[in-house]
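Notes follow once the structure below has been shown.
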Amino acid sequence: MQTITTAAALTAAIQEAKQAHKTIGLVPTMGALHDGHLSLVNRARKENDIVVVSVFVNPIQFNNKEDLAKYPRTVEADCEKLAAAGADFAFVPTVEEMYPEPVTTVYHFGPIEEVMEGPRRPGHFSGVAVVVRRLFDLAQPDRAYFGEKDFQQIAIIRNLLEQIKYPIELVPCPIVRADDGLALSSRNMRLSPEARAVAPTIYATLQQAVEMSEYEDVETVQLWVMDTLSSFHEVNPLKEGLCFEPEYFEIVDDTTLQPITDWSDTPGIVGCIAVWLDGVRLIDVIRFR
Ligand code: PAF
C-alpha cells in the first residue's frame, strides 16, 4: 500500500489507474479505524481493481470545536490496518492540502437535512458534502462506500450525487457491532469502562422497540425509547453521575427521512437515535420494516 499526502500525487496515481482501465473504489474516513471501516474496505476490495481510502478529519464538518479537538487521531495504526486489509492507496492529506483556498461553497439538501442531525449540527452536512465532492474529484471513483450507522449522511450523499450528476455508485454498508451489540464508532474509545459497559443498552432498547412496534403505535414506541434511556440510571445501579441523555429518537421513512405517524405510512421504516453518555455523543439506527 502506498500512503499519499498530496492532491497532485493522488491525481497522478488515479490517472495511471484510469489509463489502465482499472475500476476505483473510494472509502472516505476520518481515521480512528475500527472493524466497521474495515468492512467497507473489504467490500471495496472485492468490487474494484483499486481501493483508495482517505483518512482526513474534516474540520468544516464539525460545528463544535471541542468535538474536533477531541476527535481521535491514530494515523499510523490506521495505515497499518489499511495495508493489512489490502487497500492500494491511503490518502492522508493535511487541511491545507485539502483546502488550499477558503471554502465558500454551501450545499443545501432541503427536507432531508431539516431533521435529526441537521438542525442540531448546523453546517455539518454541507461540510461533509464539500469534502466528499473534493474526494470524488480527486479519486474519481466508480463506487463509494459509506456505513449505514450515519444513515442520514447516506441520504445526503445520494442527494449530492443527484445534484452534481457524477456517475458514482453509492454503496451503503451495514452497521458492524461489538459482540454486546454496541455499534462500532471511533467515539467509543472515549467512553470510560463504566460507560462502555452500559452502552449496549442503546441497541438493546432499539431491539425491544422493534418488538413493541408489533402491537404499539409509533408515538408510544418513540416515547418509550426516550423514557427508557433517560430513566435508566434511576432503575439501574450506575456510577454516580452516569446516565443516558437521549437527544432524539426519530422513527422515519428510510428514503425521505421524514417522521412517520403510522406503521402503514411507508414500506421502509428506520429508527435513528442520538444519545449522550459520559460526555460522548453516540448514534445508532435500527430497521423496523
Ligand atoms: O462518515 C465520516 O466519517 C465522514 O463524515 C466522511 C464521510 C469521511 C466525510 O468526512
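FYI, nothing fancy with the C-alpha cells labels: chains A, B, ... in order, residues from 1 per chain, ligands from 1 as they appear.
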If you count only C-alpha atoms and all ligand atoms, which residues end up within 10 Å of ligand 1, as a PDB file with N, CA, C and O atoms, in the first residue's frame?
ATOM      1  N   VAL A  27     -13.193   4.743  -0.200  1.00  0.00           N
ATOM      2  CA  VAL A  27     -13.760   4.670   1.151  1.00  0.00           C
ATOM      3  C   VAL A  27     -13.325   5.927   1.898  1.00  0.00           C
ATOM      4  O   VAL A  27     -12.184   6.021   2.350  1.00  0.00           O
ATOM      5  N   PRO A  28     -14.230   6.910   2.035  1.00  0.00           N
ATOM      6  CA  PRO A  28     -13.859   8.121   2.775  1.00  0.00           C
ATOM      7  C   PRO A  28     -13.965   7.868   4.285  1.00  0.00           C
ATOM      8  O   PRO A  28     -14.968   7.330   4.749  1.00  0.00           O
ATOM      9  N   THR A  29     -12.928   8.220   5.041  1.00  0.00           N
ATOM     10  CA  THR A  29     -12.980   8.052   6.504  1.00  0.00           C
ATOM     11  C   THR A  29     -12.330   9.255   7.184  1.00  0.00           C
ATOM     12  O   THR A  29     -11.628  10.030   6.550  1.00  0.00           O
ATOM     13  N   MET A  30     -12.581   9.337   8.482  1.00  0.00           N
ATOM     14  CA  MET A  30     -11.868  10.338   9.288  1.00  0.00           C
ATOM     15  C   MET A  30     -10.860   9.642  10.201  1.00  0.00           C
ATOM     16  O   MET A  30     -10.441  10.186  11.219  1.00  0.00           O
ATOM     17  N   GLY A  31     -10.466   8.419   9.825  1.00  0.00           N
ATOM     18  CA  GLY A  31      -9.461   7.702  10.600  1.00  0.00           C
ATOM     19  C   GLY A  31     -10.038   7.108  11.877  1.00  0.00           C
ATOM     20  O   GLY A  31     -11.244   6.918  11.995  1.00  0.00           O
ATOM     21  N   ALA A  32      -9.127   6.804  12.837  1.00  0.00           N
ATOM     22  CA  ALA A  32      -9.501   6.065  14.054  1.00  0.00           C
ATOM     23  C   ALA A  32     -10.269   4.809  13.638  1.00  0.00           C
ATOM     24  O   ALA A  32     -11.371   4.525  14.111  1.00  0.00           O
ATOM     25  N   LEU A  33      -9.641   4.082  12.739  1.00  0.00           N
ATOM     26  CA  LEU A  33     -10.343   2.997  12.042  1.00  0.00           C
ATOM     27  C   LEU A  33     -10.659   1.806  12.949  1.00  0.00           C
ATOM     28  O   LEU A  33      -9.846   1.409  13.774  1.00  0.00           O
ATOM     29  N   HIS A  37     -15.133   0.356   9.631  1.00  0.00           N
ATOM     30  CA  HIS A  37     -14.451   0.908   8.457  1.00  0.00           C
ATOM     31  C   HIS A  37     -13.852  -0.217   7.608  1.00  0.00           C
ATOM     32  O   HIS A  37     -13.915  -0.194   6.383  1.00  0.00           O
ATOM     33  N   VAL A  53      -8.470   4.726   0.198  1.00  0.00           N
ATOM     34  CA  VAL A  53      -9.113   5.067   1.474  1.00  0.00           C
ATOM     35  C   VAL A  53      -8.575   6.419   1.924  1.00  0.00           C
ATOM     36  O   VAL A  53      -7.355   6.593   2.030  1.00  0.00           O
ATOM     37  N   SER A  54      -9.461   7.372   2.133  1.00  0.00           N
ATOM     38  CA  SER A  54      -8.995   8.664   2.634  1.00  0.00           C
ATOM     39  C   SER A  54      -9.104   8.688   4.152  1.00  0.00           C
ATOM     40  O   SER A  54     -10.046   8.139   4.729  1.00  0.00           O
ATOM     41  N   VAL A  55      -8.102   9.278   4.775  1.00  0.00           N
ATOM     42  CA  VAL A  55      -8.077   9.446   6.229  1.00  0.00           C
ATOM     43  C   VAL A  55      -7.886  10.937   6.469  1.00  0.00           C
ATOM     44  O   VAL A  55      -6.784  11.466   6.298  1.00  0.00           O
ATOM     45  N   PHE A  56      -8.973  11.614   6.798  1.00  0.00           N
ATOM     46  CA  PHE A  56      -8.907  13.070   6.913  1.00  0.00           C
ATOM     47  C   PHE A  56      -9.984  13.550   7.878  1.00  0.00           C
ATOM     48  O   PHE A  56     -11.178  13.346   7.636  1.00  0.00           O
ATOM     49  N   VAL A  57      -9.546  14.131   8.989  1.00  0.00           N
ATOM     50  CA  VAL A  57     -10.503  14.704   9.949  1.00  0.00           C
ATOM     51  C   VAL A  57     -10.888  16.072   9.394  1.00  0.00           C
ATOM     52  O   VAL A  57     -10.092  17.012   9.411  1.00  0.00           O
ATOM     53  N   ASN A  58     -12.092  16.127   8.868  1.00  0.00           N
ATOM     54  CA  ASN A  58     -12.540  17.280   8.077  1.00  0.00           C
ATOM     55  C   ASN A  58     -13.050  18.405   8.986  1.00  0.00           C
ATOM     56  O   ASN A  58     -14.176  18.333   9.484  1.00  0.00           O
ATOM     57  N   PRO A  59     -12.248  19.461   9.189  1.00  0.00           N
ATOM     58  CA  PRO A  59     -12.653  20.459  10.199  1.00  0.00           C
ATOM     59  C   PRO A  59     -13.981  21.141   9.882  1.00  0.00           C
ATOM     60  O   PRO A  59     -14.726  21.469  10.793  1.00  0.00           O
ATOM     61  N   ILE A  60     -14.310  21.294   8.592  1.00  0.00           N
ATOM     62  CA  ILE A  60     -15.508  22.081   8.264  1.00  0.00           C
ATOM     63  C   ILE A  60     -16.819  21.323   8.480  1.00  0.00           C
ATOM     64  O   ILE A  60     -17.887  21.884   8.288  1.00  0.00           O
ATOM     65  N   GLN A  61     -16.734  20.063   8.900  1.00  0.00           N
ATOM     66  CA  GLN A  61     -17.994  19.375   9.211  1.00  0.00           C
ATOM     67  C   GLN A  61     -18.248  19.316  10.718  1.00  0.00           C
ATOM     68  O   GLN A  61     -19.248  18.753  11.159  1.00  0.00           O
ATOM     69  N   PHE A  62     -17.318  19.901  11.488  1.00  0.00           N
ATOM     70  CA  PHE A  62     -17.507  19.945  12.944  1.00  0.00           C
ATOM     71  C   PHE A  62     -18.082  21.308  13.310  1.00  0.00           C
ATOM     72  O   PHE A  62     -17.458  22.331  13.040  1.00  0.00           O
ATOM     73  N   HIS A 124     -23.085  21.031   9.277  1.00  0.00           N
ATOM     74  CA  HIS A 124     -22.397  19.728   9.246  1.00  0.00           C
ATOM     75  C   HIS A 124     -22.496  19.055   7.872  1.00  0.00           C
ATOM     76  O   HIS A 124     -21.478  18.676   7.281  1.00  0.00           O
ATOM     77  N   PHE A 125     -23.717  18.943   7.362  1.00  0.00           N
ATOM     78  CA  PHE A 125     -23.865  18.183   6.114  1.00  0.00           C
ATOM     79  C   PHE A 125     -23.273  18.918   4.918  1.00  0.00           C
ATOM     80  O   PHE A 125     -22.759  18.286   3.989  1.00  0.00           O
ATOM     81  N   GLY A 127     -20.603  20.694   5.117  1.00  0.00           N
ATOM     82  CA  GLY A 127     -19.176  20.397   5.290  1.00  0.00           C
ATOM     83  C   GLY A 127     -18.820  18.993   4.826  1.00  0.00           C
ATOM     84  O   GLY A 127     -17.768  18.768   4.220  1.00  0.00           O
ATOM     85  N   VAL A 128     -19.702  18.036   5.102  1.00  0.00           N
ATOM     86  CA  VAL A 128     -19.491  16.657   4.625  1.00  0.00           C
ATOM     87  C   VAL A 128     -19.514  16.652   3.095  1.00  0.00           C
ATOM     88  O   VAL A 128     -18.652  16.049   2.440  1.00  0.00           O
ATOM     89  N   ALA A 129     -20.497  17.359   2.521  1.00  0.00           N
ATOM     90  CA  ALA A 129     -20.649  17.354   1.061  1.00  0.00           C
ATOM     91  C   ALA A 129     -19.428  17.982   0.380  1.00  0.00           C
ATOM     92  O   ALA A 129     -18.957  17.482  -0.647  1.00  0.00           O
ATOM     93  N   VAL A 130     -18.909  19.056   0.965  1.00  0.00           N
ATOM     94  CA  VAL A 130     -17.743  19.717   0.362  1.00  0.00           C
ATOM     95  C   VAL A 130     -16.552  18.747   0.325  1.00  0.00           C
ATOM     96  O   VAL A 130     -15.892  18.588  -0.708  1.00  0.00           O
ATOM     97  N   VAL A 131     -16.309  18.073   1.439  1.00  0.00           N
ATOM     98  CA  VAL A 131     -15.136  17.191   1.466  1.00  0.00           C
ATOM     99  C   VAL A 131     -15.357  15.967   0.578  1.00  0.00           C
ATOM    100  O   VAL A 131     -14.437  15.514  -0.123  1.00  0.00           O
ATOM    101  N   VAL A 132     -16.578  15.438   0.588  1.00  0.00           N
ATOM    102  CA  VAL A 132     -16.836  14.237  -0.220  1.00  0.00           C
ATOM    103  C   VAL A 132     -16.722  14.579  -1.705  1.00  0.00           C
ATOM    104  O   VAL A 132     -16.138  13.833  -2.488  1.00  0.00           O
ATOM    105  N   ARG A 133     -17.219  15.752  -2.089  1.00  0.00           N
ATOM    106  CA  ARG A 133     -17.084  16.130  -3.500  1.00  0.00           C
ATOM    107  C   ARG A 133     -15.611  16.291  -3.883  1.00  0.00           C
ATOM    108  O   ARG A 133     -15.185  15.858  -4.958  1.00  0.00           O
ATOM    109  N   LEU A 135     -13.134  14.754  -2.558  1.00  0.00           N
ATOM    110  CA  LEU A 135     -12.567  13.400  -2.652  1.00  0.00           C
ATOM    111  C   LEU A 135     -13.007  12.720  -3.940  1.00  0.00           C
ATOM    112  O   LEU A 135     -12.218  12.019  -4.587  1.00  0.00           O
ATOM    113  N   ALA A 144     -18.420   4.376  -4.253  1.00  0.00           N
ATOM    114  CA  ALA A 144     -18.002   4.979  -2.979  1.00  0.00           C
ATOM    115  C   ALA A 144     -18.771   4.296  -1.858  1.00  0.00           C
ATOM    116  O   ALA A 144     -19.966   4.040  -1.985  1.00  0.00           O
ATOM    117  N   TYR A 145     -18.074   4.005  -0.764  1.00  0.00           N
ATOM    118  CA  TYR A 145     -18.601   3.155   0.306  1.00  0.00           C
ATOM    119  C   TYR A 145     -18.824   3.972   1.584  1.00  0.00           C
ATOM    120  O   TYR A 145     -17.904   4.646   2.059  1.00  0.00           O
ATOM    121  N   PHE A 146     -20.041   3.871   2.125  1.00  0.00           N
ATOM    122  CA  PHE A 146     -20.373   4.605   3.348  1.00  0.00           C
ATOM    123  C   PHE A 146     -21.114   3.666   4.299  1.00  0.00           C
ATOM    124  O   PHE A 146     -21.909   2.826   3.863  1.00  0.00           O
ATOM    125  N   GLY A 147     -20.876   3.847   5.606  1.00  0.00           N
ATOM    126  CA  GLY A 147     -21.521   2.996   6.607  1.00  0.00           C
ATOM    127  C   GLY A 147     -22.927   3.479   6.939  1.00  0.00           C
ATOM    128  O   GLY A 147     -23.174   4.689   7.016  1.00  0.00           O
ATOM    129  N   GLU A 148     -23.827   2.515   7.157  1.00  0.00           N
ATOM    130  CA  GLU A 148     -25.223   2.867   7.439  1.00  0.00           C
ATOM    131  C   GLU A 148     -25.445   3.395   8.847  1.00  0.00           C
ATOM    132  O   GLU A 148     -26.550   3.812   9.176  1.00  0.00           O
ATOM    133  N   LYS A 149     -24.412   3.381   9.690  1.00  0.00           N
ATOM    134  CA  LYS A 149     -24.602   3.979  11.024  1.00  0.00           C
ATOM    135  C   LYS A 149     -24.933   5.458  10.858  1.00  0.00           C
ATOM    136  O   LYS A 149     -25.773   5.996  11.557  1.00  0.00           O
ATOM    137  N   ASP A 150     -24.249   6.104   9.903  1.00  0.00           N
ATOM    138  CA  ASP A 150     -24.581   7.503   9.584  1.00  0.00           C
ATOM    139  C   ASP A 150     -25.653   7.475   8.504  1.00  0.00           C
ATOM    140  O   ASP A 150     -25.402   7.800   7.347  1.00  0.00           O
ATOM    141  N   PHE A 151     -26.849   7.076   8.922  1.00  0.00           N
ATOM    142  CA  PHE A 151     -27.921   6.811   7.971  1.00  0.00           C
ATOM    143  C   PHE A 151     -28.303   8.068   7.190  1.00  0.00           C
ATOM    144  O   PHE A 151     -28.495   8.043   5.970  1.00  0.00           O
ATOM    145  N   GLN A 153     -26.447  10.653   6.647  1.00  0.00           N
ATOM    146  CA  GLN A 153     -25.337  11.040   5.763  1.00  0.00           C
ATOM    147  C   GLN A 153     -25.453  10.346   4.404  1.00  0.00           C
ATOM    148  O   GLN A 153     -25.155  10.937   3.367  1.00  0.00           O
ATOM    149  N   ILE A 154     -25.905   9.092   4.418  1.00  0.00           N
ATOM    150  CA  ILE A 154     -26.047   8.369   3.149  1.00  0.00           C
ATOM    151  C   ILE A 154     -27.091   9.054   2.266  1.00  0.00           C
ATOM    152  O   ILE A 154     -26.888   9.232   1.063  1.00  0.00           O
ATOM    153  N   ILE A 157     -25.503  12.114   0.777  1.00  0.00           N
ATOM    154  CA  ILE A 157     -24.553  11.823  -0.314  1.00  0.00           C
ATOM    155  C   ILE A 157     -25.323  11.419  -1.583  1.00  0.00           C
ATOM    156  O   ILE A 157     -24.954  11.798  -2.699  1.00  0.00           O
ATOM    157  N   SER A 185     -17.889   2.604  16.622  1.00  0.00           N
ATOM    158  CA  SER A 185     -17.727   4.025  16.325  1.00  0.00           C
ATOM    159  C   SER A 185     -16.378   4.468  16.864  1.00  0.00           C
ATOM    160  O   SER A 185     -15.930   3.976  17.915  1.00  0.00           O
ATOM    161  N   SER A 186     -15.748   5.391  16.166  1.00  0.00           N
ATOM    162  CA  SER A 186     -14.460   5.913  16.653  1.00  0.00           C
ATOM    163  C   SER A 186     -14.648   6.594  18.001  1.00  0.00           C
ATOM    164  O   SER A 186     -13.716   6.696  18.797  1.00  0.00           O
TER     165      SER A 186
END
*Name the residues of region 104-272 of chain A that fall into helix (DSSP H, G or I) according to DSSP on the backbone, using the chain letters and numbers of this document, as a ChimeraX atom specification.*
/A:110-113,117-120,124-139,151-164,186-190,193-198,201-212,218-230,232-235
Write the residues of the selection above to a file with C-alpha atoms, as a PDB file, in the first residue's frame.
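Listed below is the output, selection.pdb:
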ATOM      1  CA  GLY A 110     -33.959  20.500   1.650  1.00  0.00           C
ATOM      2  CA  PRO A 111     -36.167  18.369   3.944  1.00  0.00           C
ATOM      3  CA  ILE A 112     -33.619  15.558   4.405  1.00  0.00           C
ATOM      4  CA  GLU A 113     -31.313  17.936   6.274  1.00  0.00           C
ATOM      5  CA  GLU A 117     -28.681  15.651  12.808  1.00  0.00           C
ATOM      6  CA  GLY A 118     -29.354  18.610  10.501  1.00  0.00           C
ATOM      7  CA  PRO A 119     -30.805  21.224  12.889  1.00  0.00           C
ATOM      8  CA  ARG A 120     -28.582  20.021  15.741  1.00  0.00           C
ATOM      9  CA  HIS A 124     -22.397  19.728   9.246  1.00  0.00           C
ATOM     10  CA  PHE A 125     -23.865  18.183   6.114  1.00  0.00           C
ATOM     11  CA  SER A 126     -22.664  20.977   3.861  1.00  0.00           C
ATOM     12  CA  GLY A 127     -19.176  20.397   5.290  1.00  0.00           C
ATOM     13  CA  VAL A 128     -19.491  16.657   4.625  1.00  0.00           C
ATOM     14  CA  ALA A 129     -20.649  17.354   1.061  1.00  0.00           C
ATOM     15  CA  VAL A 130     -17.743  19.717   0.362  1.00  0.00           C
ATOM     16  CA  VAL A 131     -15.136  17.191   1.466  1.00  0.00           C
ATOM     17  CA  VAL A 132     -16.836  14.237  -0.220  1.00  0.00           C
ATOM     18  CA  ARG A 133     -17.084  16.130  -3.500  1.00  0.00           C
ATOM     19  CA  ARG A 134     -13.417  17.049  -3.264  1.00  0.00           C
ATOM     20  CA  LEU A 135     -12.567  13.400  -2.652  1.00  0.00           C
ATOM     21  CA  PHE A 136     -14.761  12.375  -5.602  1.00  0.00           C
ATOM     22  CA  ASP A 137     -12.951  14.905  -7.817  1.00  0.00           C
ATOM     23  CA  LEU A 138      -9.540  13.632  -6.762  1.00  0.00           C
ATOM     24  CA  ALA A 139     -10.182   9.888  -6.662  1.00  0.00           C
ATOM     25  CA  PHE A 151     -27.921   6.811   7.971  1.00  0.00           C
ATOM     26  CA  GLN A 152     -28.785  10.441   7.267  1.00  0.00           C
ATOM     27  CA  GLN A 153     -25.337  11.040   5.763  1.00  0.00           C
ATOM     28  CA  ILE A 154     -26.047   8.369   3.149  1.00  0.00           C
ATOM     29  CA  ALA A 155     -29.259  10.171   2.107  1.00  0.00           C
ATOM     30  CA  ILE A 156     -27.245  13.402   1.889  1.00  0.00           C
ATOM     31  CA  ILE A 157     -24.553  11.823  -0.314  1.00  0.00           C
ATOM     32  CA  ARG A 158     -27.242  10.292  -2.540  1.00  0.00           C
ATOM     33  CA  ASN A 159     -28.759  13.752  -2.942  1.00  0.00           C
ATOM     34  CA  LEU A 160     -25.298  15.277  -3.552  1.00  0.00           C
ATOM     35  CA  LEU A 161     -24.700  12.791  -6.365  1.00  0.00           C
ATOM     36  CA  GLU A 162     -28.020  13.826  -7.928  1.00  0.00           C
ATOM     37  CA  GLN A 163     -27.035  17.495  -7.640  1.00  0.00           C
ATOM     38  CA  ILE A 164     -23.554  17.146  -9.133  1.00  0.00           C
ATOM     39  CA  SER A 186     -14.460   5.913  16.653  1.00  0.00           C
ATOM     40  CA  ARG A 187     -16.118   7.763  19.523  1.00  0.00           C
ATOM     41  CA  ASN A 188     -16.492   4.551  21.592  1.00  0.00           C
ATOM     42  CA  MET A 189     -12.835   4.790  22.597  1.00  0.00           C
ATOM     43  CA  ARG A 190     -13.678   7.950  24.562  1.00  0.00           C
ATOM     44  CA  PRO A 193     -15.042   1.498  31.236  1.00  0.00           C
ATOM     45  CA  GLU A 194     -18.248   2.055  33.260  1.00  0.00           C
ATOM     46  CA  ALA A 195     -19.928   3.847  30.358  1.00  0.00           C
ATOM     47  CA  ARG A 196     -18.717   1.290  27.819  1.00  0.00           C
ATOM     48  CA  ALA A 197     -20.235  -1.452  29.992  1.00  0.00           C
ATOM     49  CA  VAL A 198     -23.755   0.073  29.831  1.00  0.00           C
ATOM     50  CA  THR A 201     -28.304  -0.681  26.416  1.00  0.00           C
ATOM     51  CA  ILE A 202     -28.867   1.640  23.447  1.00  0.00           C
ATOM     52  CA  TYR A 203     -29.081  -1.175  20.896  1.00  0.00           C
ATOM     53  CA  ALA A 204     -30.923  -3.454  23.328  1.00  0.00           C
ATOM     54  CA  THR A 205     -33.560  -0.719  23.748  1.00  0.00           C
ATOM     55  CA  LEU A 206     -33.861  -0.302  19.985  1.00  0.00           C
ATOM     56  CA  GLN A 207     -34.338  -4.045  19.556  1.00  0.00           C
ATOM     57  CA  GLN A 208     -37.113  -4.008  22.156  1.00  0.00           C
ATOM     58  CA  ALA A 209     -38.673  -1.073  20.311  1.00  0.00           C
ATOM     59  CA  VAL A 210     -38.872  -3.186  17.150  1.00  0.00           C
ATOM     60  CA  GLU A 211     -40.658  -5.936  19.086  1.00  0.00           C
ATOM     61  CA  MET A 212     -43.029  -3.366  20.585  1.00  0.00           C
ATOM     62  CA  VAL A 218     -45.477   4.850  16.519  1.00  0.00           C
ATOM     63  CA  GLU A 219     -45.737   7.608  19.115  1.00  0.00           C
ATOM     64  CA  THR A 220     -45.861   5.155  22.032  1.00  0.00           C
ATOM     65  CA  VAL A 221     -42.740   3.350  20.800  1.00  0.00           C
ATOM     66  CA  GLN A 222     -40.922   6.623  20.195  1.00  0.00           C
ATOM     67  CA  LEU A 223     -41.665   7.976  23.682  1.00  0.00           C
ATOM     68  CA  TRP A 224     -40.898   4.617  25.300  1.00  0.00           C
ATOM     69  CA  VAL A 225     -37.360   4.602  23.854  1.00  0.00           C
ATOM     70  CA  MET A 226     -36.699   8.171  25.039  1.00  0.00           C
ATOM     71  CA  ASP A 227     -38.119   7.438  28.532  1.00  0.00           C
ATOM     72  CA  THR A 228     -36.398   4.076  28.936  1.00  0.00           C
ATOM     73  CA  LEU A 229     -32.982   5.556  28.252  1.00  0.00           C
ATOM     74  CA  SER A 230     -33.427   8.778  30.200  1.00  0.00           C
ATOM     75  CA  PHE A 232     -32.205   4.032  33.010  1.00  0.00           C
ATOM     76  CA  HIS A 233     -29.965   5.347  35.820  1.00  0.00           C
ATOM     77  CA  GLU A 234     -32.990   5.618  38.147  1.00  0.00           C
ATOM     78  CA  VAL A 235     -33.775   1.917  37.909  1.00  0.00           C
TER      79      VAL A 235
END
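With only C-alpha atoms as the basis for measurement, A:Glu169 is the residue among A:Asp67, A:Glu169, A:Glu16, A:Glu250 that approaches Asn48 (chain A) most closely.
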*Quick one: pick out all strand (DSSP E or B) residues within region 80-179 of chain A from a backbone DSSP run and write them as an MDAnalysis selection string.*
chainID A and resid 89:91 143:147 169:173 177
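Restricting the calculation to only C-alpha atoms, the smallest distance between Ala44 (chain A) and any of A:Glu114, A:Asp142, A:Asp217, A:Glu101 is found for A:Asp142.
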